[in-house]
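Q: Data: run.cif, mmCIF, N, CA and C atoms and all ligand atoms.
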```cif
data_entry
loop_
_atom_site.label_atom_id
_atom_site.label_comp_id
_atom_site.auth_asym_id
_atom_site.auth_seq_id
_atom_site.Cartn_x
_atom_site.Cartn_y
_atom_site.Cartn_z
N MET A 302 0.84 -1.19 0.00
CA MET A 302 0.00 0.00 0.00
C MET A 302 0.88 1.24 0.00
N SER A 303 0.60 2.16 -0.91
CA SER A 303 1.37 3.40 -0.92
C SER A 303 0.41 4.58 -1.08
N SER A 304 0.93 5.78 -0.84
CA SER A 304 0.11 6.98 -0.96
C SER A 304 0.70 7.86 -2.06
N ALA A 305 -0.14 8.25 -3.00
CA ALA A 305 0.34 8.99 -4.18
C ALA A 305 1.01 10.30 -3.80
N ALA A 306 0.59 10.90 -2.70
CA ALA A 306 1.11 12.22 -2.33
C ALA A 306 2.34 12.14 -1.44
N CYS A 307 2.73 10.94 -1.04
CA CYS A 307 3.78 10.80 -0.01
C CYS A 307 5.18 10.82 -0.64
N ILE A 308 6.05 11.69 -0.13
CA ILE A 308 7.39 11.79 -0.73
C ILE A 308 8.20 10.51 -0.52
N PHE A 309 8.01 9.86 0.62
CA PHE A 309 8.79 8.63 0.84
C PHE A 309 8.26 7.48 -0.03
N CYS A 310 6.96 7.43 -0.28
CA CYS A 310 6.45 6.44 -1.24
C CYS A 310 7.02 6.72 -2.63
N LYS A 311 7.16 7.99 -2.98
CA LYS A 311 7.75 8.34 -4.28
C LYS A 311 9.22 7.94 -4.33
N ILE A 312 9.92 8.09 -3.23
CA ILE A 312 11.33 7.65 -3.17
C ILE A 312 11.41 6.13 -3.36
N ILE A 313 10.53 5.38 -2.70
CA ILE A 313 10.51 3.92 -2.84
C ILE A 313 10.31 3.54 -4.31
N LYS A 314 9.42 4.25 -4.99
CA LYS A 314 9.09 3.93 -6.39
C LYS A 314 10.12 4.49 -7.37
N GLY A 315 11.06 5.28 -6.87
CA GLY A 315 12.08 5.88 -7.74
C GLY A 315 11.59 7.13 -8.46
N GLU A 316 10.44 7.64 -8.05
CA GLU A 316 9.91 8.86 -8.69
C GLU A 316 10.62 10.11 -8.18
N ILE A 317 11.20 10.00 -6.98
CA ILE A 317 12.08 11.04 -6.44
C ILE A 317 13.42 10.35 -6.18
N PRO A 318 14.51 10.94 -6.64
CA PRO A 318 15.81 10.28 -6.46
C PRO A 318 16.24 10.26 -4.98
N SER A 319 16.98 9.24 -4.63
CA SER A 319 17.54 9.17 -3.28
C SER A 319 18.85 8.40 -3.34
N MET A 320 19.62 8.51 -2.28
CA MET A 320 20.85 7.71 -2.14
C MET A 320 20.46 6.44 -1.39
N LYS A 321 20.13 5.41 -2.17
CA LYS A 321 19.63 4.16 -1.57
C LYS A 321 20.76 3.39 -0.90
N ILE A 322 20.47 2.86 0.28
CA ILE A 322 21.44 2.05 1.03
C ILE A 322 21.03 0.58 1.01
N PHE A 323 19.73 0.33 1.09
CA PHE A 323 19.24 -1.05 1.23
C PHE A 323 17.82 -1.11 0.69
N GLU A 324 17.49 -2.26 0.07
CA GLU A 324 16.10 -2.48 -0.33
C GLU A 324 15.79 -3.97 -0.28
N SER A 325 14.63 -4.28 0.28
CA SER A 325 14.12 -5.65 0.24
C SER A 325 12.63 -5.56 -0.10
N GLU A 326 11.96 -6.68 -0.01
CA GLU A 326 10.53 -6.71 -0.35
C GLU A 326 9.72 -5.72 0.50
N LYS A 327 10.09 -5.59 1.77
CA LYS A 327 9.28 -4.81 2.71
C LYS A 327 9.94 -3.54 3.23
N THR A 328 11.22 -3.37 2.94
CA THR A 328 11.99 -2.33 3.64
C THR A 328 12.85 -1.56 2.66
N PHE A 329 13.06 -0.28 2.96
CA PHE A 329 13.88 0.59 2.09
C PHE A 329 14.70 1.49 3.02
N ALA A 330 15.94 1.76 2.66
CA ALA A 330 16.78 2.65 3.46
C ALA A 330 17.58 3.56 2.53
N PHE A 331 17.74 4.81 2.96
CA PHE A 331 18.40 5.82 2.12
C PHE A 331 18.97 6.91 3.00
N LEU A 332 19.89 7.69 2.42
CA LEU A 332 20.50 8.78 3.18
C LEU A 332 19.51 9.92 3.36
N ASP A 333 19.56 10.53 4.53
CA ASP A 333 18.72 11.70 4.82
C ASP A 333 19.24 12.90 4.03
N ILE A 334 18.32 13.65 3.42
CA ILE A 334 18.71 14.80 2.58
C ILE A 334 19.25 15.96 3.42
N GLY A 335 18.90 15.99 4.68
CA GLY A 335 19.37 17.05 5.59
C GLY A 335 20.05 16.42 6.79
N PRO A 336 21.20 15.81 6.58
CA PRO A 336 21.80 14.98 7.64
C PRO A 336 22.18 15.77 8.89
N LEU A 337 21.89 15.19 10.05
CA LEU A 337 22.31 15.78 11.32
C LEU A 337 23.77 15.45 11.59
N SER A 338 24.27 14.41 10.94
CA SER A 338 25.70 14.08 10.98
C SER A 338 26.00 13.28 9.72
N ARG A 339 27.28 13.11 9.41
CA ARG A 339 27.66 12.40 8.19
C ARG A 339 27.17 10.96 8.24
N GLY A 340 26.44 10.53 7.21
CA GLY A 340 25.94 9.15 7.16
C GLY A 340 24.56 8.97 7.74
N HIS A 341 23.92 10.05 8.17
CA HIS A 341 22.55 9.99 8.71
C HIS A 341 21.62 9.34 7.67
N SER A 342 20.96 8.27 8.07
CA SER A 342 20.09 7.56 7.13
C SER A 342 18.70 7.36 7.71
N LEU A 343 17.80 6.94 6.83
CA LEU A 343 16.41 6.67 7.21
C LEU A 343 16.06 5.27 6.75
N VAL A 344 15.40 4.53 7.62
CA VAL A 344 14.93 3.18 7.29
C VAL A 344 13.41 3.18 7.38
N ILE A 345 12.76 2.74 6.30
CA ILE A 345 11.30 2.84 6.25
C ILE A 345 10.68 1.51 5.79
N PRO A 346 9.49 1.22 6.32
CA PRO A 346 8.72 0.13 5.71
C PRO A 346 8.17 0.60 4.37
N LYS A 347 8.08 -0.28 3.40
CA LYS A 347 7.48 0.11 2.11
C LYS A 347 5.99 0.37 2.26
N PHE A 348 5.37 -0.27 3.23
CA PHE A 348 3.96 -0.04 3.53
C PHE A 348 3.79 1.40 3.99
N HIS A 349 2.85 2.12 3.39
CA HIS A 349 2.61 3.50 3.80
C HIS A 349 1.75 3.56 5.05
N GLY A 350 2.35 3.96 6.15
CA GLY A 350 1.61 4.27 7.37
C GLY A 350 2.20 5.54 7.93
N VAL A 351 1.35 6.39 8.47
CA VAL A 351 1.84 7.69 8.97
C VAL A 351 2.62 7.50 10.27
N LYS A 352 2.01 6.77 11.20
CA LYS A 352 2.64 6.58 12.51
C LYS A 352 2.91 5.10 12.74
N LEU A 353 3.72 4.81 13.73
CA LEU A 353 4.15 3.44 13.97
C LEU A 353 2.96 2.48 14.12
N HIS A 354 1.94 2.93 14.83
CA HIS A 354 0.79 2.05 15.08
C HIS A 354 -0.10 1.88 13.84
N ASP A 355 0.20 2.60 12.76
CA ASP A 355 -0.56 2.43 11.51
C ASP A 355 -0.01 1.30 10.64
N VAL A 356 1.15 0.78 11.01
CA VAL A 356 1.82 -0.22 10.17
C VAL A 356 1.66 -1.61 10.79
N PRO A 357 1.16 -2.58 10.02
CA PRO A 357 1.02 -3.94 10.55
C PRO A 357 2.37 -4.52 10.96
N ASP A 358 2.35 -5.38 11.98
CA ASP A 358 3.59 -5.94 12.51
C ASP A 358 4.44 -6.60 11.43
N ASP A 359 3.79 -7.34 10.54
CA ASP A 359 4.58 -8.08 9.54
C ASP A 359 5.26 -7.16 8.53
N GLN A 360 4.79 -5.92 8.44
CA GLN A 360 5.43 -4.96 7.53
C GLN A 360 6.58 -4.21 8.22
N LEU A 361 6.66 -4.36 9.53
CA LEU A 361 7.68 -3.65 10.32
C LEU A 361 8.83 -4.55 10.75
N SER A 362 8.67 -5.85 10.50
CA SER A 362 9.54 -6.82 11.17
C SER A 362 11.02 -6.63 10.87
N GLU A 363 11.35 -6.10 9.70
CA GLU A 363 12.76 -5.98 9.31
C GLU A 363 13.38 -4.64 9.68
N VAL A 364 12.55 -3.66 9.97
CA VAL A 364 13.05 -2.27 9.99
C VAL A 364 14.17 -2.06 11.01
N LEU A 365 13.96 -2.55 12.21
CA LEU A 365 14.98 -2.34 13.24
C LEU A 365 16.25 -3.13 12.94
N MET A 366 16.08 -4.32 12.37
CA MET A 366 17.27 -5.11 12.01
C MET A 366 18.07 -4.43 10.91
N VAL A 367 17.37 -3.79 9.97
CA VAL A 367 18.09 -3.07 8.91
C VAL A 367 18.82 -1.86 9.51
N ALA A 368 18.17 -1.16 10.44
CA ALA A 368 18.85 -0.04 11.11
C ALA A 368 20.12 -0.54 11.81
N LYS A 369 20.03 -1.68 12.46
CA LYS A 369 21.20 -2.27 13.14
C LYS A 369 22.29 -2.62 12.13
N LYS A 370 21.89 -3.23 11.01
CA LYS A 370 22.88 -3.60 9.99
C LYS A 370 23.60 -2.37 9.43
N ILE A 371 22.86 -1.29 9.24
CA ILE A 371 23.48 -0.05 8.75
C ILE A 371 24.48 0.47 9.77
N ALA A 372 24.09 0.48 11.04
CA ALA A 372 25.00 0.95 12.10
C ALA A 372 26.27 0.10 12.13
N VAL A 373 26.12 -1.21 11.99
CA VAL A 373 27.28 -2.11 11.99
C VAL A 373 28.12 -1.86 10.75
N ALA A 374 27.45 -1.76 9.58
CA ALA A 374 28.19 -1.56 8.32
C ALA A 374 28.95 -0.24 8.32
N GLN A 375 28.39 0.77 8.99
CA GLN A 375 29.06 2.08 9.06
C GLN A 375 30.13 2.11 10.14
N GLY A 376 30.21 1.03 10.91
CA GLY A 376 31.20 0.97 11.99
C GLY A 376 30.89 1.94 13.11
N LEU A 377 29.61 2.22 13.33
CA LEU A 377 29.26 3.21 14.33
C LEU A 377 29.53 2.68 15.73
N VAL A 378 30.02 3.56 16.58
CA VAL A 378 30.22 3.24 17.99
C VAL A 378 29.09 3.87 18.80
N ASP A 379 28.91 5.17 18.60
CA ASP A 379 27.82 5.88 19.27
C ASP A 379 26.84 6.38 18.21
N TYR A 380 25.58 6.19 18.46
CA TYR A 380 24.57 6.60 17.47
C TYR A 380 23.19 6.63 18.11
N ASN A 381 22.28 7.35 17.46
CA ASN A 381 20.87 7.37 17.87
C ASN A 381 20.03 6.66 16.83
N ILE A 382 19.03 5.89 17.30
CA ILE A 382 17.95 5.40 16.46
C ILE A 382 16.72 6.18 16.94
N LEU A 383 16.13 6.98 16.04
CA LEU A 383 15.01 7.84 16.43
C LEU A 383 13.81 7.58 15.53
N GLN A 384 12.64 7.67 16.11
CA GLN A 384 11.42 7.48 15.33
C GLN A 384 10.35 8.37 15.93
N ASN A 385 9.91 9.38 15.17
CA ASN A 385 8.98 10.39 15.65
C ASN A 385 7.57 10.12 15.15
N ASN A 386 6.59 10.34 16.02
CA ASN A 386 5.18 10.13 15.66
C ASN A 386 4.37 11.38 15.97
N GLY A 387 3.99 12.14 14.91
CA GLY A 387 3.13 13.30 15.09
C GLY A 387 3.93 14.60 15.19
N ARG A 388 3.25 15.70 14.87
CA ARG A 388 3.91 17.01 14.84
C ARG A 388 4.49 17.39 16.19
N ALA A 389 3.76 17.08 17.27
CA ALA A 389 4.27 17.45 18.60
C ALA A 389 5.54 16.69 18.93
N ALA A 390 5.75 15.58 18.23
CA ALA A 390 6.96 14.76 18.42
C ALA A 390 7.98 15.01 17.31
N HIS A 391 7.78 16.10 16.55
CA HIS A 391 8.72 16.54 15.50
C HIS A 391 8.72 15.65 14.27
N GLN A 392 7.61 14.95 14.00
CA GLN A 392 7.50 14.21 12.73
C GLN A 392 7.12 15.20 11.64
N MET A 393 7.95 15.28 10.59
CA MET A 393 7.68 16.19 9.48
C MET A 393 7.23 15.46 8.22
N VAL A 394 7.65 14.21 8.05
CA VAL A 394 7.25 13.42 6.88
C VAL A 394 6.30 12.33 7.35
N ASP A 395 5.12 12.30 6.75
CA ASP A 395 4.05 11.41 7.23
C ASP A 395 4.13 10.02 6.61
N HIS A 396 5.28 9.39 6.77
CA HIS A 396 5.48 7.98 6.40
C HIS A 396 6.49 7.48 7.44
N VAL A 397 6.10 6.44 8.16
CA VAL A 397 6.96 5.96 9.27
C VAL A 397 8.41 5.83 8.84
N HIS A 398 9.31 6.37 9.64
CA HIS A 398 10.74 6.25 9.34
C HIS A 398 11.56 6.22 10.62
N PHE A 399 12.61 5.43 10.56
CA PHE A 399 13.57 5.34 11.67
C PHE A 399 14.86 6.04 11.22
N HIS A 400 15.28 7.00 12.01
CA HIS A 400 16.56 7.66 11.76
C HIS A 400 17.70 6.82 12.34
N VAL A 401 18.79 6.71 11.58
CA VAL A 401 20.05 6.18 12.12
C VAL A 401 21.03 7.34 12.08
N ILE A 402 21.36 7.88 13.24
CA ILE A 402 22.15 9.12 13.31
C ILE A 402 23.49 8.84 13.98
N PRO A 403 24.55 8.81 13.18
CA PRO A 403 25.88 8.61 13.77
C PRO A 403 26.23 9.74 14.75
N LYS A 404 26.88 9.39 15.84
CA LYS A 404 27.34 10.38 16.82
C LYS A 404 28.84 10.19 17.04
N PRO A 405 29.62 10.70 16.08
CA PRO A 405 31.07 10.51 16.21
C PRO A 405 31.58 11.23 17.45
N ASN A 406 32.50 10.60 18.18
CA ASN A 406 33.10 11.27 19.33
C ASN A 406 34.37 11.99 18.89
N ALA A 407 35.03 12.63 19.82
CA ALA A 407 36.19 13.47 19.48
C ALA A 407 37.28 12.67 18.76
N GLU A 408 37.47 11.41 19.18
CA GLU A 408 38.52 10.58 18.57
C GLU A 408 38.17 10.23 17.13
N GLU A 409 36.87 10.07 16.86
CA GLU A 409 36.45 9.65 15.52
C GLU A 409 36.35 10.83 14.55
N GLY A 410 36.38 12.05 15.05
CA GLY A 410 36.27 13.23 14.19
C GLY A 410 34.84 13.74 14.13
N LEU A 411 34.67 14.88 13.51
CA LEU A 411 33.34 15.49 13.43
C LEU A 411 32.49 14.79 12.40
N GLY A 412 31.20 14.79 12.66
CA GLY A 412 30.28 14.16 11.73
C GLY A 412 29.93 15.09 10.60
P1 LIG A 501 11.10 13.66 10.81
O1 LIG A 501 11.27 15.03 11.41
O2 LIG A 501 9.79 13.52 10.09
O3 LIG A 501 11.34 12.55 11.82
O4 LIG A 501 12.28 13.50 9.76
C1 LIG A 501 12.07 13.59 8.39
C2 LIG A 501 13.45 13.50 7.74
O5 LIG A 501 13.26 13.30 6.36
C3 LIG A 501 14.30 14.75 7.93
O6 LIG A 501 15.52 14.39 8.57
C4 LIG A 501 14.53 15.24 6.50
O7 LIG A 501 15.82 15.76 6.28
C5 LIG A 501 14.27 14.01 5.67
N1 LIG A 501 13.74 14.28 4.34
C6 LIG A 501 12.67 15.07 4.03
N2 LIG A 501 12.45 15.07 2.70
C7 LIG A 501 13.40 14.24 2.15
C8 LIG A 501 13.67 13.84 0.81
O8 LIG A 501 13.02 14.24 -0.16
N3 LIG A 501 14.72 12.99 0.63
C9 LIG A 501 15.48 12.54 1.69
N4 LIG A 501 16.49 11.69 1.40
N5 LIG A 501 15.22 12.88 2.96
C10 LIG A 501 14.20 13.73 3.20
ZN ZN A 502 4.35 6.85 2.10
#
```
Using structure tokens, write down the structure that the file contains.
Ligand code: 5GP
Ligand code: ZN

A:
Amino acid sequence: MSSAACIFCKIIKGEIPSMKIFESEKTFAFLDIGPLSRGHSLVIPKFHGVKLHDVPDDQLSEVLMVAKKIAVAQGLVDYNILQNNGRAAHQMVDHVHFHVIPKPNAEEGLG
């Protein structure tokens, strides 16, 4: 299920370009266009749901594992996994997404 007006659904379909990191039957991951640090990525279910509770469990099952794989592949030591639901929680794009935000420390250099 997708939404014609949704920018992340358009990214999944390739109608809007993105820097794709991972794709499977149910899951898509790409670099954030406004990164909070170098390598900031987004992991999304292909199923269009606005908030976490809008997405069926079977459509979400891979998302956290893909976020973990990205963190491992990037060699991250410190990082945030963030997922916002609703405007009051700072959700700006109405398609469920998990942020993977690297937090490099002083030894690793600036992000
Ligand atoms: P939110 O505040 O909804 O949790 O985060 C939405 C994220 O989506 C932001 O970090 C923003 O930079 C990112 N974003 C918004 N539009 C696009 C886009 O067209 N392409 C990509 N790659 N990221 C986007
Ligand atoms: Zn969507």

Q: Show me which residues line ligand ZN 502 (chain A), defined as having an atom within 5 Å of a ligand atom where all atoms listed in the file count, and present them as JSON, numbers by chain.

A: {"A": [304, 307, 309, 310, 349, 396]}

Q: Rounded to one decimal place, report the atom C of Tyr380 (chain A)-atom C of Lys404 (chain A) distance in Å.

A: 6.8 Å

Q: Return as a PDB file with N, CA and C atoms, keeping the file's coordinate frame the residues of protein, DNA or RNA that approach ligand LIG 501 (chain A) to within 7 Å, with only N, CA and C atoms and all ligand atoms taken into account.

A:
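Just written: pocket-v4.pdb:
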```pdb
ATOM      1  N   ILE A 308       6.050  11.690  -0.130  1.00  0.00           N
ATOM      2  CA  ILE A 308       7.390  11.790  -0.730  1.00  0.00           C
ATOM      3  C   ILE A 308       8.200  10.510  -0.520  1.00  0.00           C
ATOM      4  N   PHE A 309       8.010   9.860   0.620  1.00  0.00           N
ATOM      5  CA  PHE A 309       8.790   8.630   0.840  1.00  0.00           C
ATOM      6  C   PHE A 309       8.260   7.480  -0.030  1.00  0.00           C
ATOM      7  N   PRO A 318      14.510  10.940  -6.640  1.00  0.00           N
ATOM      8  CA  PRO A 318      15.810  10.280  -6.460  1.00  0.00           C
ATOM      9  C   PRO A 318      16.240  10.260  -4.980  1.00  0.00           C
ATOM     10  N   SER A 319      16.980   9.240  -4.630  1.00  0.00           N
ATOM     11  CA  SER A 319      17.540   9.170  -3.280  1.00  0.00           C
ATOM     12  C   SER A 319      18.850   8.400  -3.340  1.00  0.00           C
ATOM     13  N   MET A 320      19.620   8.510  -2.280  1.00  0.00           N
ATOM     14  CA  MET A 320      20.850   7.710  -2.140  1.00  0.00           C
ATOM     15  C   MET A 320      20.460   6.440  -1.390  1.00  0.00           C
ATOM     16  N   PHE A 331      17.740   4.810   2.960  1.00  0.00           N
ATOM     17  CA  PHE A 331      18.400   5.820   2.120  1.00  0.00           C
ATOM     18  C   PHE A 331      18.970   6.910   3.000  1.00  0.00           C
ATOM     19  N   LEU A 332      19.890   7.690   2.420  1.00  0.00           N
ATOM     20  CA  LEU A 332      20.500   8.780   3.180  1.00  0.00           C
ATOM     21  C   LEU A 332      19.510   9.920   3.360  1.00  0.00           C
ATOM     22  N   ASP A 333      19.560  10.530   4.530  1.00  0.00           N
ATOM     23  CA  ASP A 333      18.720  11.700   4.820  1.00  0.00           C
ATOM     24  C   ASP A 333      19.240  12.900   4.030  1.00  0.00           C
ATOM     25  N   ILE A 334      18.320  13.650   3.420  1.00  0.00           N
ATOM     26  CA  ILE A 334      18.710  14.800   2.580  1.00  0.00           C
ATOM     27  C   ILE A 334      19.250  15.960   3.420  1.00  0.00           C
ATOM     28  N   GLY A 335      18.900  15.990   4.680  1.00  0.00           N
ATOM     29  CA  GLY A 335      19.370  17.050   5.590  1.00  0.00           C
ATOM     30  C   GLY A 335      20.050  16.420   6.790  1.00  0.00           C
ATOM     31  N   PRO A 336      21.200  15.810   6.580  1.00  0.00           N
ATOM     32  CA  PRO A 336      21.800  14.980   7.640  1.00  0.00           C
ATOM     33  C   PRO A 336      22.180  15.770   8.890  1.00  0.00           C
ATOM     34  N   LEU A 337      21.890  15.190  10.050  1.00  0.00           N
ATOM     35  CA  LEU A 337      22.310  15.780  11.320  1.00  0.00           C
ATOM     36  C   LEU A 337      23.770  15.450  11.590  1.00  0.00           C
ATOM     37  N   LEU A 383      16.130   6.980  16.040  1.00  0.00           N
ATOM     38  CA  LEU A 383      15.010   7.840  16.430  1.00  0.00           C
ATOM     39  C   LEU A 383      13.810   7.580  15.530  1.00  0.00           C
ATOM     40  N   GLN A 384      12.640   7.670  16.110  1.00  0.00           N
ATOM     41  CA  GLN A 384      11.420   7.480  15.330  1.00  0.00           C
ATOM     42  C   GLN A 384      10.350   8.370  15.930  1.00  0.00           C
ATOM     43  N   ASN A 385       9.910   9.380  15.170  1.00  0.00           N
ATOM     44  CA  ASN A 385       8.980  10.390  15.650  1.00  0.00           C
ATOM     45  C   ASN A 385       7.570  10.120  15.150  1.00  0.00           C
ATOM     46  N   ASN A 386       6.590  10.340  16.020  1.00  0.00           N
ATOM     47  CA  ASN A 386       5.180  10.130  15.660  1.00  0.00           C
ATOM     48  C   ASN A 386       4.370  11.380  15.970  1.00  0.00           C
ATOM     49  N   ALA A 390       5.750  15.580  18.230  1.00  0.00           N
ATOM     50  CA  ALA A 390       6.960  14.760  18.420  1.00  0.00           C
ATOM     51  C   ALA A 390       7.980  15.010  17.310  1.00  0.00           C
ATOM     52  N   HIS A 391       7.780  16.100  16.550  1.00  0.00           N
ATOM     53  CA  HIS A 391       8.720  16.540  15.500  1.00  0.00           C
ATOM     54  C   HIS A 391       8.720  15.650  14.270  1.00  0.00           C
ATOM     55  N   GLN A 392       7.610  14.950  14.000  1.00  0.00           N
ATOM     56  CA  GLN A 392       7.500  14.210  12.730  1.00  0.00           C
ATOM     57  C   GLN A 392       7.120  15.200  11.640  1.00  0.00           C
ATOM     58  N   MET A 393       7.950  15.280  10.590  1.00  0.00           N
ATOM     59  CA  MET A 393       7.680  16.190   9.480  1.00  0.00           C
ATOM     60  C   MET A 393       7.230  15.460   8.220  1.00  0.00           C
ATOM     61  N   VAL A 394       7.650  14.210   8.050  1.00  0.00           N
ATOM     62  CA  VAL A 394       7.250  13.420   6.880  1.00  0.00           C
ATOM     63  C   VAL A 394       6.300  12.330   7.350  1.00  0.00           C
ATOM     64  N   ASP A 395       5.120  12.300   6.750  1.00  0.00           N
ATOM     65  CA  ASP A 395       4.050  11.410   7.230  1.00  0.00           C
ATOM     66  C   ASP A 395       4.130  10.020   6.610  1.00  0.00           C
ATOM     67  N   HIS A 396       5.280   9.390   6.770  1.00  0.00           N
ATOM     68  CA  HIS A 396       5.480   7.980   6.400  1.00  0.00           C
ATOM     69  C   HIS A 396       6.490   7.480   7.440  1.00  0.00           C
ATOM     70  N   HIS A 398       9.310   6.370   9.640  1.00  0.00           N
ATOM     71  CA  HIS A 398      10.740   6.250   9.340  1.00  0.00           C
ATOM     72  C   HIS A 398      11.560   6.220  10.620  1.00  0.00           C
ATOM     73  N   HIS A 400      15.280   7.000  12.010  1.00  0.00           N
ATOM     74  CA  HIS A 400      16.560   7.660  11.760  1.00  0.00           C
ATOM     75  C   HIS A 400      17.700   6.820  12.340  1.00  0.00           C
TER      76      HIS A 400
END
```

Q: Would you mind telling me which residue in A:Gly387, A:Gly340, A:Pro357, A:Pro346 lies nearest to Gln375 (chain A) when using all atoms listed in the file?

A: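 Of A:Gly387, A:Gly340, A:Pro357, A:Pro346, the one nearest Gln375 (chain A), counting all atoms listed in the file, is A:Gly340.
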
Q: Rounded to one decimal place, report the atom N of Leu365 (chain A)-atom C of Ile345 (chain A) distance in Å.

A: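 The value is 8.3 Å.
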
Q: Kindly give the distance, in Å, that separates CA of Pro405 (chain A) and atom C of Val344 (chain A), rounded to a single decimal.

A: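 One can read the CA of Pro405 (chain A) to atom C of Val344 (chain A) distance as 21.1 Å.
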
Q: Running DSSP on the backbone, which parts of chain A land in helix (DSSP H, G or I), as a compact mmCIF listing (two decimals) with N, CA and C atoms, in the coordinates of the input?

A:
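Final output, saved to states-v6.txt:
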```txt
# COMPACT_ATOMS: atom_id res chain seq x y z
N ILE A 308 6.05 11.69 -0.13
CA ILE A 308 7.39 11.79 -0.73
C ILE A 308 8.20 10.51 -0.52
N PHE A 309 8.01 9.86 0.62
CA PHE A 309 8.79 8.63 0.84
C PHE A 309 8.26 7.48 -0.03
N CYS A 310 6.96 7.43 -0.28
CA CYS A 310 6.45 6.44 -1.24
C CYS A 310 7.02 6.72 -2.63
N LYS A 311 7.16 7.99 -2.98
CA LYS A 311 7.75 8.34 -4.28
C LYS A 311 9.22 7.94 -4.33
N ILE A 312 9.92 8.09 -3.23
CA ILE A 312 11.33 7.65 -3.17
C ILE A 312 11.41 6.13 -3.36
N ILE A 313 10.53 5.38 -2.70
CA ILE A 313 10.51 3.92 -2.84
C ILE A 313 10.31 3.54 -4.31
N LYS A 314 9.42 4.25 -4.99
CA LYS A 314 9.09 3.93 -6.39
C LYS A 314 10.12 4.49 -7.37
N LEU A 353 3.72 4.81 13.73
CA LEU A 353 4.15 3.44 13.97
C LEU A 353 2.96 2.48 14.12
N HIS A 354 1.94 2.93 14.83
CA HIS A 354 0.79 2.05 15.08
C HIS A 354 -0.10 1.88 13.84
N ASP A 355 0.20 2.60 12.76
CA ASP A 355 -0.56 2.43 11.51
C ASP A 355 -0.01 1.30 10.64
N ASP A 358 2.35 -5.38 11.98
CA ASP A 358 3.59 -5.94 12.51
C ASP A 358 4.44 -6.60 11.43
N ASP A 359 3.79 -7.34 10.54
CA ASP A 359 4.58 -8.08 9.54
C ASP A 359 5.26 -7.16 8.53
N GLN A 360 4.79 -5.92 8.44
CA GLN A 360 5.43 -4.96 7.53
C GLN A 360 6.58 -4.21 8.22
N LEU A 361 6.66 -4.36 9.53
CA LEU A 361 7.68 -3.65 10.32
C LEU A 361 8.83 -4.55 10.75
N VAL A 364 12.55 -3.66 9.97
CA VAL A 364 13.05 -2.27 9.99
C VAL A 364 14.17 -2.06 11.01
N LEU A 365 13.96 -2.55 12.21
CA LEU A 365 14.98 -2.34 13.24
C LEU A 365 16.25 -3.13 12.94
N MET A 366 16.08 -4.32 12.37
CA MET A 366 17.27 -5.11 12.01
C MET A 366 18.07 -4.43 10.91
N VAL A 367 17.37 -3.79 9.97
CA VAL A 367 18.09 -3.07 8.91
C VAL A 367 18.82 -1.86 9.51
N ALA A 368 18.17 -1.16 10.44
CA ALA A 368 18.85 -0.04 11.11
C ALA A 368 20.12 -0.54 11.81
N LYS A 369 20.03 -1.68 12.46
CA LYS A 369 21.20 -2.27 13.14
C LYS A 369 22.29 -2.62 12.13
N LYS A 370 21.89 -3.23 11.01
CA LYS A 370 22.88 -3.60 9.99
C LYS A 370 23.60 -2.37 9.43
N ILE A 371 22.86 -1.29 9.24
CA ILE A 371 23.48 -0.05 8.75
C ILE A 371 24.48 0.47 9.77
N ALA A 372 24.09 0.48 11.04
CA ALA A 372 25.00 0.95 12.10
C ALA A 372 26.27 0.10 12.13
N VAL A 373 26.12 -1.21 11.99
CA VAL A 373 27.28 -2.11 11.99
C VAL A 373 28.12 -1.86 10.75
N ALA A 374 27.45 -1.76 9.58
CA ALA A 374 28.19 -1.56 8.32
C ALA A 374 28.95 -0.24 8.32
N ARG A 388 3.25 15.70 14.87
CA ARG A 388 3.91 17.01 14.84
C ARG A 388 4.49 17.39 16.19
N ALA A 389 3.76 17.08 17.27
CA ALA A 389 4.27 17.45 18.60
C ALA A 389 5.54 16.69 18.93
N ALA A 390 5.75 15.58 18.23
CA ALA A 390 6.96 14.76 18.42
C ALA A 390 7.98 15.01 17.31
```

Q: I'd like to know which of A:Val397, A:Phe348, A:Asp355, A:His341 is closest to Lys314 (chain A), using only C-alpha atoms.

A: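 With only C-alpha atoms as the atom set, the closest residue is A:Phe348.
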
Q: From a DSSP calculation on the backbone, collect every residue of chain A in strand (DSSP E or B) and output the set as a list in words.

A: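 Result set for chain A (strand (DSSP E or B)): Lys321, Ile322, Phe323, Glu324, Thr328, Phe329, Ala330, Phe331, Leu332, Ser342, Leu343, Val344, Ile345, Pro346, Tyr380, Asn381, Ile382, Leu383, Phe399, His400, Val401, Ile402 and Pro403 of chain A.
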
Q: When you count only C-alpha atoms, which of these residues is closest to Ser325 (chain A): A:Ala372, A:Ile313, A:Val351, A:Ile382?

A: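 Nearest to Ser325 (chain A): A:Ile313.
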
Q: Looking at only C-alpha atoms, which of A:Thr328, A:Asp379, A:Ile371, A:Ala389 is the one that sits closest to Asp359 (chain A)?

A: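 Smallest separation from Asp359 (chain A) among the options: A:Thr328.
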
Q: Have a look at A:Asn406, A:Lys347, A:Lys370, A:Asn381 and name the one nearest to Lys327 (chain A); count all atoms listed in the file.

A: A:Lys347

Q: So for region 350-355 of chain A, what box centre and size do we get, axis-aligned, 4 Å extra on each of the six sides, every listed atom, Å to one decimal, as AutoDock Vina command-line options?

A:
```
--center_x 1.8 --center_y 4.5 --center_z 10.6 --size_x 12.7 --size_y 14.4 --size_z 16.9
```
